[in-house]
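The structure file input_15.json is reproduced below (JSON, N, CA and C atoms).
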[["chain", "number", "residue", "atom", "x", "y", "z"],
["D", 1, "MET", "N", 42.36, -16.40, -17.54],
["D", 1, "MET", "CA", 40.98, -16.48, -17.13],
["D", 1, "MET", "C", 40.13, -15.86, -18.22],
["D", 2, "SER", "N", 39.08, -16.56, -18.62],
["D", 2, "SER", "CA", 38.19, -16.05, -19.66],
["D", 2, "SER", "C", 37.15, -15.12, -19.06],
["D", 3, "ASP", "N", 36.47, -14.37, -19.93],
["D", 3, "ASP", "CA", 35.42, -13.46, -19.46],
["D", 3, "ASP", "C", 34.31, -14.21, -18.74],
["D", 4, "GLY", "N", 34.00, -15.43, -19.19],
["D", 4, "GLY", "CA", 32.95, -16.22, -18.55],
["D", 4, "GLY", "C", 33.31, -16.58, -17.12],
["D", 5, "GLU", "N", 34.59, -16.87, -16.87],
["D", 5, "GLU", "CA", 35.02, -17.20, -15.51],
["D", 5, "GLU", "C", 34.91, -15.99, -14.60],
["D", 6, "ALA", "N", 35.20, -14.82, -15.12],
["D", 6, "ALA", "CA", 35.13, -13.61, -14.30],
["D", 6, "ALA", "C", 33.71, -13.34, -13.84],
["D", 7, "ASP", "N", 32.73, -13.73, -14.64],
["D", 7, "ASP", "CA", 31.33, -13.52, -14.26],
["D", 7, "ASP", "C", 30.92, -14.36, -13.06],
["D", 8, "HIS", "N", 31.64, -15.43, -12.78],
["D", 8, "HIS", "CA", 31.26, -16.34, -11.71],
["D", 8, "HIS", "C", 32.08, -16.15, -10.44],
["D", 9, "MET", "N", 32.98, -15.21, -10.44],
["D", 9, "MET", "CA", 33.81, -14.98, -9.26],
["D", 9, "MET", "C", 33.01, -14.18, -8.22],
["D", 10, "ALA", "N", 33.21, -14.51, -6.98],
["D", 10, "ALA", "CA", 32.51, -13.83, -5.89],
["D", 10, "ALA", "C", 33.40, -12.75, -5.28],
["D", 11, "VAL", "N", 32.76, -11.70, -4.84],
["D", 11, "VAL", "CA", 33.46, -10.65, -4.10],
["D", 11, "VAL", "C", 32.90, -10.68, -2.69],
["D", 12, "VAL", "N", 33.78, -10.76, -1.71],
["D", 12, "VAL", "CA", 33.37, -10.80, -0.31],
["D", 12, "VAL", "C", 33.85, -9.52, 0.36],
["D", 13, "LYS", "N", 32.96, -8.90, 1.10],
["D", 13, "LYS", "CA", 33.31, -7.70, 1.87],
["D", 13, "LYS", "C", 33.37, -8.11, 3.34],
["D", 14, "ILE", "N", 34.30, -7.50, 4.07],
["D", 14, "ILE", "CA", 34.44, -7.79, 5.50],
["D", 14, "ILE", "C", 34.27, -6.49, 6.27],
["D", 15, "ILE", "N", 33.39, -6.54, 7.27],
["D", 15, "ILE", "CA", 33.21, -5.40, 8.16],
["D", 15, "ILE", "C", 33.51, -5.84, 9.59],
["D", 16, "GLU", "N", 33.82, -4.87, 10.42],
["D", 16, "GLU", "CA", 34.09, -5.17, 11.83],
["D", 16, "GLU", "C", 33.01, -4.53, 12.69],
["D", 17, "LEU", "N", 32.55, -5.28, 13.69],
["D", 17, "LEU", "CA", 31.52, -4.83, 14.61],
["D", 17, "LEU", "C", 31.93, -5.17, 16.04],
["D", 18, "VAL", "N", 31.37, -4.44, 16.99],
["D", 18, "VAL", "CA", 31.56, -4.77, 18.40],
["D", 18, "VAL", "C", 30.18, -4.95, 19.01],
["D", 19, "GLY", "N", 29.92, -6.16, 19.50],
["D", 19, "GLY", "CA", 28.67, -6.45, 20.19],
["D", 19, "GLY", "C", 28.87, -6.35, 21.69],
["D", 20, "THR", "N", 27.80, -6.01, 22.40],
["D", 20, "THR", "CA", 27.88, -5.91, 23.86],
["D", 20, "THR", "C", 26.77, -6.73, 24.50],
["D", 21, "SER", "N", 27.00, -7.13, 25.75],
["D", 21, "SER", "CA", 26.02, -7.93, 26.48],
["D", 21, "SER", "C", 26.30, -7.81, 27.97],
["D", 22, "LYS", "N", 25.28, -7.99, 28.77],
["D", 22, "LYS", "CA", 25.43, -8.09, 30.22],
["D", 22, "LYS", "C", 25.58, -9.55, 30.65],
["D", 23, "VAL", "N", 25.46, -10.50, 29.67],
["D", 23, "VAL", "CA", 25.42, -11.93, 29.99],
["D", 23, "VAL", "C", 26.77, -12.62, 29.81],
["D", 24, "SER", "N", 27.37, -12.50, 28.60],
["D", 24, "SER", "CA", 28.61, -13.22, 28.31],
["D", 24, "SER", "C", 29.23, -12.68, 27.02],
["D", 25, "THR", "N", 30.48, -13.09, 26.79],
["D", 25, "THR", "CA", 31.12, -12.71, 25.53],
["D", 25, "THR", "C", 30.46, -13.42, 24.35],
["D", 26, "ASP", "N", 30.03, -14.67, 24.56],
["D", 26, "ASP", "CA", 29.31, -15.38, 23.49],
["D", 26, "ASP", "C", 28.04, -14.63, 23.10],
["D", 27, "ASP", "N", 27.31, -14.16, 24.09],
["D", 27, "ASP", "CA", 26.09, -13.40, 23.81],
["D", 27, "ASP", "C", 26.43, -12.09, 23.11],
["D", 28, "ALA", "N", 27.53, -11.45, 23.48],
["D", 28, "ALA", "CA", 27.95, -10.22, 22.82],
["D", 28, "ALA", "C", 28.23, -10.48, 21.34],
["D", 29, "ALA", "N", 28.87, -11.60, 21.02],
["D", 29, "ALA", "CA", 29.13, -11.96, 19.63],
["D", 29, "ALA", "C", 27.81, -12.21, 18.89],
["D", 30, "ARG", "N", 26.87, -12.88, 19.56],
["D", 30, "ARG", "CA", 25.55, -13.12, 18.95],
["D", 30, "ARG", "C", 24.82, -11.81, 18.69],
["D", 31, "GLN", "N", 24.95, -10.86, 19.59],
["D", 31, "GLN", "CA", 24.31, -9.55, 19.41],
["D", 31, "GLN", "C", 24.88, -8.84, 18.18],
["D", 32, "ALA", "N", 26.19, -8.92, 17.99],
["D", 32, "ALA", "CA", 26.82, -8.32, 16.81],
["D", 32, "ALA", "C", 26.31, -8.99, 15.54],
["D", 33, "LEU", "N", 26.20, -10.33, 15.56],
["D", 33, "LEU", "CA", 25.70, -11.06, 14.40],
["D", 33, "LEU", "C", 24.25, -10.70, 14.12],
["D", 34, "LYS", "N", 23.41, -10.63, 15.15],
["D", 34, "LYS", "CA", 22.00, -10.25, 14.95],
["D", 34, "LYS", "C", 21.89, -8.88, 14.30],
["D", 35, "SER", "N", 22.72, -7.97, 14.73],
["D", 35, "SER", "CA", 22.72, -6.63, 14.15],
["D", 35, "SER", "C", 23.10, -6.69, 12.66],
["D", 36, "ALA", "N", 24.12, -7.46, 12.34],
["D", 36, "ALA", "CA", 24.54, -7.61, 10.95],
["D", 36, "ALA", "C", 23.45, -8.26, 10.11],
["D", 37, "GLN", "N", 22.77, -9.27, 10.66],
["D", 37, "GLN", "CA", 21.73, -9.98, 9.91],
["D", 37, "GLN", "C", 20.54, -9.08, 9.58],
["D", 38, "ARG", "N", 20.31, -8.05, 10.37],
["D", 38, "ARG", "CA", 19.20, -7.13, 10.08],
["D", 38, "ARG", "C", 19.49, -6.29, 8.84],
["D", 39, "LYS", "N", 20.74, -6.04, 8.54],
["D", 39, "LYS", "CA", 21.11, -5.15, 7.44],
["D", 39, "LYS", "C", 21.77, -5.84, 6.24],
["D", 40, "LEU", "N", 22.39, -7.00, 6.46],
["D", 40, "LEU", "CA", 23.18, -7.64, 5.41],
["D", 40, "LEU", "C", 22.57, -8.96, 4.98],
["D", 41, "ARG", "N", 22.76, -9.27, 3.71],
["D", 41, "ARG", "CA", 22.36, -10.58, 3.19],
["D", 41, "ARG", "C", 23.62, -11.36, 2.83],
["D", 42, "HIS", "N", 23.48, -12.64, 2.68],
["D", 42, "HIS", "CA", 24.56, -13.51, 2.22],
["D", 42, "HIS", "C", 25.78, -13.50, 3.14],
["D", 43, "ILE", "N", 25.54, -13.50, 4.45],
["D", 43, "ILE", "CA", 26.66, -13.58, 5.40],
["D", 43, "ILE", "C", 27.27, -14.98, 5.29],
["D", 44, "LYS", "N", 28.59, -15.01, 5.11],
["D", 44, "LYS", "CA", 29.29, -16.28, 4.90],
["D", 44, "LYS", "C", 30.16, -16.69, 6.06],
["D", 45, "ALA", "N", 30.59, -15.73, 6.89],
["D", 45, "ALA", "CA", 31.48, -16.08, 8.01],
["D", 45, "ALA", "C", 31.45, -14.99, 9.06],
["D", 46, "VAL", "N", 31.65, -15.42, 10.29],
["D", 46, "VAL", "CA", 31.83, -14.49, 11.41],
["D", 46, "VAL", "C", 33.04, -14.98, 12.19],
["D", 47, "ASP", "N", 34.03, -14.12, 12.32],
["D", 47, "ASP", "CA", 35.24, -14.45, 13.08],
["D", 47, "ASP", "C", 35.30, -13.57, 14.31],
["D", 48, "ILE", "N", 35.52, -14.18, 15.46],
["D", 48, "ILE", "CA", 35.69, -13.41, 16.69],
["D", 48, "ILE", "C", 37.15, -12.99, 16.78],
["D", 49, "VAL", "N", 37.38, -11.68, 16.75],
["D", 49, "VAL", "CA", 38.73, -11.13, 16.79],
["D", 49, "VAL", "C", 39.23, -11.07, 18.23],
["D", 50, "SER", "N", 38.39, -10.54, 19.13],
["D", 50, "SER", "CA", 38.77, -10.46, 20.54],
["D", 50, "SER", "C", 37.52, -10.32, 21.39],
["D", 51, "THR", "N", 37.69, -10.61, 22.67],
["D", 51, "THR", "CA", 36.60, -10.42, 23.64],
["D", 51, "THR", "C", 37.18, -9.71, 24.85],
["D", 52, "GLY", "N", 36.29, -9.12, 25.62],
["D", 52, "GLY", "CA", 36.78, -8.44, 26.81],
["D", 52, "GLY", "C", 35.64, -7.93, 27.68],
["D", 53, "LEU", "N", 36.03, -7.28, 28.75],
["D", 53, "LEU", "CA", 35.09, -6.67, 29.68],
["D", 53, "LEU", "C", 35.33, -5.17, 29.69],
["D", 54, "ARG", "N", 34.26, -4.41, 29.80],
["D", 54, "ARG", "CA", 34.36, -2.96, 29.84],
["D", 54, "ARG", "C", 33.42, -2.43, 30.92],
["D", 55, "GLY", "N", 33.54, -1.17, 31.19],
["D", 55, "GLY", "CA", 32.66, -0.52, 32.15],
["D", 55, "GLY", "C", 33.37, -0.29, 33.47],
["D", 56, "GLU", "N", 32.81, 0.58, 34.25],
["D", 56, "GLU", "CA", 33.43, 0.95, 35.53],
["D", 56, "GLU", "C", 33.64, -0.25, 36.43],
["D", 57, "ASN", "N", 32.66, -1.15, 36.47],
["D", 57, "ASN", "CA", 32.76, -2.35, 37.31],
["D", 57, "ASN", "C", 32.97, -3.62, 36.48],
["D", 58, "LEU", "N", 33.44, -3.44, 35.25],
["D", 58, "LEU", "CA", 33.66, -4.56, 34.33],
["D", 58, "LEU", "C", 32.40, -5.43, 34.18],
["D", 59, "GLU", "N", 31.27, -4.77, 34.04],
["D", 59, "GLU", "CA", 30.00, -5.49, 33.94],
["D", 59, "GLU", "C", 29.51, -5.66, 32.51],
["D", 60, "GLU", "N", 30.24, -5.11, 31.52],
["D", 60, "GLU", "CA", 29.80, -5.20, 30.13],
["D", 60, "GLU", "C", 30.75, -6.09, 29.34],
["D", 61, "TYR", "N", 30.21, -7.20, 28.83],
["D", 61, "TYR", "CA", 30.99, -8.09, 27.97],
["D", 61, "TYR", "C", 30.98, -7.52, 26.56],
["D", 62, "ARG", "N", 32.12, -7.63, 25.87],
["D", 62, "ARG", "CA", 32.22, -7.13, 24.51],
["D", 62, "ARG", "C", 32.87, -8.19, 23.62],
["D", 63, "ALA", "N", 32.45, -8.20, 22.36],
["D", 63, "ALA", "CA", 33.05, -9.10, 21.37],
["D", 63, "ALA", "C", 33.29, -8.30, 20.09],
["D", 64, "HIS", "N", 34.53, -8.26, 19.67],
["D", 64, "HIS", "CA", 34.92, -7.62, 18.41],
["D", 64, "HIS", "C", 34.90, -8.72, 17.36],
["D", 65, "VAL", "N", 34.06, -8.56, 16.34],
["D", 65, "VAL", "CA", 33.89, -9.61, 15.32],
["D", 65, "VAL", "C", 34.11, -9.04, 13.92],
["D", 66, "ARG", "N", 34.51, -9.91, 13.02],
["D", 66, "ARG", "CA", 34.57, -9.60, 11.59],
["D", 66, "ARG", "C", 33.49, -10.41, 10.90],
["D", 67, "VAL", "N", 32.69, -9.73, 10.09],
["D", 67, "VAL", "CA", 31.59, -10.37, 9.38],
["D", 67, "VAL", "C", 31.91, -10.32, 7.88],
["D", 68, "ALA", "N", 31.92, -11.48, 7.23],
["D", 68, "ALA", "CA", 32.17, -11.56, 5.79],
["D", 68, "ALA", "C", 30.87, -11.86, 5.08],
["D", 69, "PHE", "N", 30.59, -11.10, 4.03],
["D", 69, "PHE", "CA", 29.36, -11.32, 3.27],
["D", 69, "PHE", "C", 29.61, -11.10, 1.79],
["D", 70, "LEU", "N", 28.82, -11.78, 0.95],
["D", 70, "LEU", "CA", 28.96, -11.63, -0.49],
["D", 70, "LEU", "C", 28.43, -10.28, -0.93],
["D", 71, "VAL", "N", 29.17, -9.65, -1.82],
["D", 71, "VAL", "CA", 28.73, -8.40, -2.42],
["D", 71, "VAL", "C", 28.00, -8.76, -3.72],
["D", 72, "GLU", "N", 26.80, -8.26, -3.87],
["D", 72, "GLU", "CA", 26.04, -8.55, -5.09],
["D", 72, "GLU", "C", 26.63, -7.75, -6.23],
["D", 73, "SER", "N", 26.60, -8.32, -7.42],
["D", 73, "SER", "CA", 27.28, -7.70, -8.56],
["D", 73, "SER", "C", 26.74, -6.30, -8.85],
["D", 74, "SER", "N", 25.49, -6.03, -8.58],
["D", 74, "SER", "CA", 24.94, -4.70, -8.84],
["D", 74, "SER", "C", 25.56, -3.64, -7.93],
["D", 75, "GLU", "N", 26.13, -4.06, -6.79],
["D", 75, "GLU", "CA", 26.75, -3.13, -5.86],
["D", 75, "GLU", "C", 28.16, -2.73, -6.30],
["D", 76, "ILE", "N", 28.78, -3.49, -7.20],
["D", 76, "ILE", "CA", 30.14, -3.18, -7.62],
["D", 76, "ILE", "C", 30.25, -2.81, -9.08],
["D", 77, "ASP", "N", 29.15, -2.82, -9.80],
["D", 77, "ASP", "CA", 29.18, -2.44, -11.23],
["D", 77, "ASP", "C", 29.35, -0.96, -11.41]]
Before we go any further, please render this structure as structure tokens.
Amino acid sequence: MSDGEADHMAVVKIIELVGTSKVSTDDAARQALKSAQRKLRHIKAVDIVSTGLRGENLEEYRAHVRVAFLVESSEID
């Protein structure tokens, strides 16, 4: 690989989040994504790892998600 090719390679970082909702697991995943979108740019993928119910009466939907986003070169220099 030449130096020029290295300049064009992307670095992707993956973080894990847990979203919650009183409505559904889909809404919980959307809440996690909305939270990520407020702080991160260049989001490339969201994978739902697991979903479930929590709380004393199982009234809270939860979604564990992985969010992949591009790391800007200035962040890794």
**Residue contacts of Leu58 (chain D) (10 Å, only C-alpha atoms) excluding same-chain residues fewer than 5 positions away, as number ranges by chain** = D: 22, 52-53
**Request:** Report the distance between atom N of Asp26 (chain D) and atom N of Glu59 (chain D) in Å, rounded to one decimal place.
**Result:** 13.8 Å
List every protein, DNA or RNA residue with an atom no more than 7 Å from (31.9, -3.8, 14.3) in the file's coordinates, counting only N, CA and C atoms, and format the result as a PDB file with N, CA and C atoms, in the frame of the given file.
ATOM      1  N   ILE D  15      33.390  -6.540   7.270  1.00  0.00           N
ATOM      2  CA  ILE D  15      33.210  -5.400   8.160  1.00  0.00           C
ATOM      3  C   ILE D  15      33.510  -5.840   9.590  1.00  0.00           C
ATOM      4  N   GLU D  16      33.820  -4.870  10.420  1.00  0.00           N
ATOM      5  CA  GLU D  16      34.090  -5.170  11.830  1.00  0.00           C
ATOM      6  C   GLU D  16      33.010  -4.530  12.690  1.00  0.00           C
ATOM      7  N   LEU D  17      32.550  -5.280  13.690  1.00  0.00           N
ATOM      8  CA  LEU D  17      31.520  -4.830  14.610  1.00  0.00           C
ATOM      9  C   LEU D  17      31.930  -5.170  16.040  1.00  0.00           C
ATOM     10  N   VAL D  18      31.370  -4.440  16.990  1.00  0.00           N
ATOM     11  CA  VAL D  18      31.560  -4.770  18.400  1.00  0.00           C
ATOM     12  C   VAL D  18      30.180  -4.950  19.010  1.00  0.00           C
ATOM     13  N   GLY D  19      29.920  -6.160  19.500  1.00  0.00           N
ATOM     14  CA  GLY D  19      28.670  -6.450  20.190  1.00  0.00           C
ATOM     15  C   GLY D  19      28.870  -6.350  21.690  1.00  0.00           C
ATOM     16  N   HIS D  64      34.530  -8.260  19.670  1.00  0.00           N
ATOM     17  CA  HIS D  64      34.920  -7.620  18.410  1.00  0.00           C
ATOM     18  C   HIS D  64      34.900  -8.720  17.360  1.00  0.00           C
ATOM     19  N   VAL D  65      34.060  -8.560  16.340  1.00  0.00           N
ATOM     20  CA  VAL D  65      33.890  -9.610  15.320  1.00  0.00           C
ATOM     21  C   VAL D  65      34.110  -9.040  13.920  1.00  0.00           C
ATOM     22  N   ARG D  66      34.510  -9.910  13.020  1.00  0.00           N
ATOM     23  CA  ARG D  66      34.570  -9.600  11.590  1.00  0.00           C
ATOM     24  C   ARG D  66      33.490 -10.410  10.900  1.00  0.00           C
TER      25      ARG D  66
END
**Asked** Of the candidates D:Glu72, D:Ile48, D:Lys13, D:Val67, which shows the shortest atom-to-atom distance to Asp27 (chain D), using only C-alpha atoms?
**Response**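 Among the listed residues, D:Ile48 lies closest to Asp27 (chain D).
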**Request:** Please indicate the distance in Å from atom C of Val46 (chain D) to CA of Ala10 (chain D), rounded to one decimal place.
**Result:**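 Calculated distance between atom C of Val46 (chain D) and CA of Ala10 (chain D) is 18.1 Å.
Across the model, the gap from atom C of Arg54 (chain D) to atom N of Phe69 (chain D) is 28.4 Å.
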